[in-house]
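First the structure, in the form of C-alpha cells, and then the observations on it.
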Amino acid sequence: MRTHKYLLMVVLWITIVVSLVAQNGSPHIIGINQLAITGSDIYCFIIINESAFLRIGYPNQIVKINLITKQTDWAINMNSNSNSRNQLVKTLDNNICYADGGLIVKISTDGDILWTQNLTGIFSLSAKSPDFLTCYSMSSNLVLLDYTTGQIINQWSITTGGLASCGYHNVHAATDSTFYLFDDMPMGILYNTGIKITKIKVINGMAEIIWFLRVDDLSDIHGIVDDNIVYAIVRQIDPWVNSLVYQVIDQGDNYTITSITDIAGPDSVGTVGSGITVDNNHRLILPVAIRLGIDPNGEDGYSGAIMGYENGNLVWSINQTIMPFCLMLVTAINSNKIYGISMCMTSYSGVRTFWLTELETTVATDDPTTPAIDPELTCYPNPCRGSANVKIKQQTGNSPTTIAIYNTRGQLIRTLVNGQNLTPGKEHTFTWDGTTGSGQPAAAGIYLFKIKSGQYSATRKMILMK
C-alpha cells in the first residue's frame, strides 16, 4: 500500500503546466528527459549541431551530452573551484573555449585540446567577435586572444572597479571593437553591493569608457546584447532572490533605460538562471525559478519556467513542476528549438536531478501542402486510468499523419496512427488503451502524445494512473 501511495505522489509531482500567452511563434514541449549528470548547478549551456555542452559546478566539469540519445559522451574535470557564468562559449569555427579560473582552453567537440593560455585571475568569456576571443576577469582586466593560436592580441585594465568578492562579472563583445562589461560592484547601502554596465570602445589601441550605468543595492548581474539593446538580469537585495530585467537602449554616446521588468510579477518571487539567450525573433529567453508559498527561504517549493519577453513584456511562458522543487537554470537555442535544463528535487535538501526540456517553435508557412491543424491536440480524461482519448480538431490538409506515445525519456511506447491520410475537415478521435506496442500494460507516469502531419507537429502531456 505504501508503494502505491508513493507512486501516486511521484505521478502528481511530474505534472507539466503549459501557459502560452502569445500565439504566433509560441513554442510547445516536444520532449522532457532526465540527464545522467550530477552537480550543484549548471552555469553555461551551448549547443553545437546535435550536442549540448555544459559547465557544471561541484564537481566542476565540462560535459558533452548527445541531444539525440540524451546520454553523456564525455566529461572534462576542471582544476579551479571558481564557478561563474560565461566560462564556456562556442567559437565561430564550431569548437569550444572554456575558462578554468585563469587557464583559457580551446578544445574540439571531441574534447581534444587545441591550445591553452595562462592568464592571471578568474575569467568569463565572449566569442561574439569574429576577430578575437574576449576574456574579462573579476579584477576588470580585458584580454583579447587569437582564436587560432591562443596568443594575446591586446589587454587593458579597465577602471570599472570590480573585486572578486563582489560576485559575478561577464562581458559581451560586439563586432566593431565595442565591449559591454557587466559587473557586481562594491557599493550600496544594505549589503555594500551594486551593479554596473560599462560600454567600452577600443580607439587607437586604447580602451575608452563611452558610458556606464550604475545602480546601487542590486546584485548578481549577467547580461546579453542584441543589436543596440542591452539586457541586464539582476537580483534585488530586498528580497534578495527576486530578479529584474533591465532593458537598455545603446544610443551611441549615451543610453536610455526603456523598461525594468519584475520577471515573477509584483506578488511573486522569481530568480533568473545563468543561461539567458535571444531567439531569431529578438525575444529574450529566460530560465526562471518561481518561489512557491510564503517561506522566504523557498522551503515551500519552486516551479521552473522558460519565459519569452519582447519589449519588456511577457509574450509566452512554459511552467514546469517536475518535482516539488524545480528550478530552471539555463536555456539555449538551436535552429527552431529551445532547450532548457532544470534542477529538480523531491524535497528542499533532496537529491538534485537534472532534466532537459525541448521546445519547438511554431513556424508559419505559406506552403499549400502543409496541413492546417488546430494547435489544440486534446487528450482526455487527464489524468486517466486504463485508457485515454486523443482528438484532433479541424484537420484541413491530407498529409500523412502519425500519432505516437512516448515516455519522458523519449522512448516510443505505442503508435496509434502510422502515416495515415485522414479525412480533411473532420474531427478524429483515437483511443489509447494504456498498453505498449507489445501489448503490455504501461507503467503509471507521464506520457507525451505527439502528432506529426506534414510540416506540422504538436505534443501534449497525459498522466496515466493505476
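Residue numbers start at 1 in each chain; chains themselves are named A, B, ... in the order of the C-alpha cells; ligands are numbered from 1 in the order shown.
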Rows by chain and residue number, range 249-297 of chain A within 10 Å of range 206-214 of chain A, shortest pair, only C-alpha atoms, as CSV:
```
residue,atom,partner,partner_atom,distance
A:Asp250,CA,A:Trp211,CA,9.4
A:Gly252,CA,A:Ile210,CA,8.1
A:Asp253,CA,A:Ile210,CA,6.0
A:Asn254,CA,A:Trp211,CA,5.9
A:Tyr255,CA,A:Trp211,CA,7.6
A:Thr256,CA,A:Leu213,CA,9.6
A:Ile257,CA,A:Leu213,CA,9.4
```
Selection to disk with C-alpha atoms, as a PDB file, in the first residue's frame:
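Once everything was written out, this is result18.pdb:
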```pdb
ATOM      1  CA  ASP A 250      22.545  51.956 -26.521  1.00  0.00           C
ATOM      2  CA  GLY A 252      25.974  55.582 -29.128  1.00  0.00           C
ATOM      3  CA  ASP A 253      27.469  58.057 -26.679  1.00  0.00           C
ATOM      4  CA  ASN A 254      24.720  57.505 -24.109  1.00  0.00           C
ATOM      5  CA  TYR A 255      21.903  55.152 -23.141  1.00  0.00           C
ATOM      6  CA  THR A 256      18.217  55.072 -22.232  1.00  0.00           C
ATOM      7  CA  ILE A 257      16.531  52.640 -19.847  1.00  0.00           C
TER       8      ILE A 257
END
```
Next on the checklist: Please extract the residues of range 4-226 of chain A with a backbone DSSP assignment of strand (DSSP E or B) and present them as number ranges by chain.
Outcome noted: A: 15-19, 27-35, 41-48, 51-57, 61-66, 72-77, 88-90, 96-100, 103-107, 113-118, 123-126, 133-137, 141-145, 152-157, 169-173, 178-185, 194-203, 206-216, 218-226
Distance table requested - range 158-272 of chain A against range 278-302 of chain A, cut-off 10 Å, only C-alpha atoms: one row per qualifying residue with the closest atom pair and its distance in Å to one decimal, ordered by chain and rising residue number, as a Markdown table.
```
| residue | atom | partner | partner_atom | distance |
| --- | --- | --- | --- | --- |
| A:Ile224 | CA | A:Val278 | CA | 8.2 |
| A:Val225 | CA | A:Val278 | CA | 8.6 |
| A:Asp226 | CA | A:His282 | CA | 7.2 |
| A:Asp227 | CA | A:His282 | CA | 9.2 |
| A:Ile229 | CA | A:His282 | CA | 9.8 |
| A:Tyr231 | CA | A:Leu284 | CA | 8.4 |
| A:Ile233 | CA | A:Leu286 | CA | 9.5 |
| A:Pro239 | CA | A:Pro296 | CA | 8.5 |
| A:Trp240 | CA | A:Pro296 | CA | 9.4 |
| A:Val241 | CA | A:Pro296 | CA | 8.9 |
| A:Asn242 | CA | A:Ile290 | CA | 9.1 |
| A:Ser243 | CA | A:Val288 | CA | 9.1 |
| A:Val245 | CA | A:Leu286 | CA | 9.9 |
| A:Ile263 | CA | A:Val288 | CA | 8.2 |
| A:Ala264 | CA | A:Ile290 | CA | 6.7 |
| A:Ser268 | CA | A:Arg291 | CA | 7.1 |
| A:Val269 | CA | A:Arg291 | CA | 5.5 |
| A:Gly270 | CA | A:Ile290 | CA | 4.2 |
| A:Thr271 | CA | A:Ala289 | CA | 5.2 |
| A:Val272 | CA | A:Val288 | CA | 4.5 |
```
Item to check | Contact residues around Cys135 in chain A with only C-alpha atoms at 10 Å, ignoring same-chain residues under 2 positions, as a list in words | outcome: Asn86, Gln87, Ala99, Gly102, Ile104, Leu119, Ile122, Phe123, Ser124, Leu125, Ser126, Ala127, Phe132, Leu133, Ser137, Ser140, Asn141, Leu142, Val143, Leu144, Leu145, Gln155, Asn170, Val171, His172 and Ala173 of chain A
Checklist entry - If you measure from CA of Val63 in chain A to CA of Ile341 in chain A, what distance in Å do you get, rounded to one decimal? => result 13.5 Å
Checklist entry - If we count only C-alpha atoms, what is near range 174-176 of chain A at a cut-off of 9 Å, once residues fewer than 3 positions away on the same chain are taken out, given as a ChimeraX atom specification? => result /A:128-131,179-180,201-202,225,227
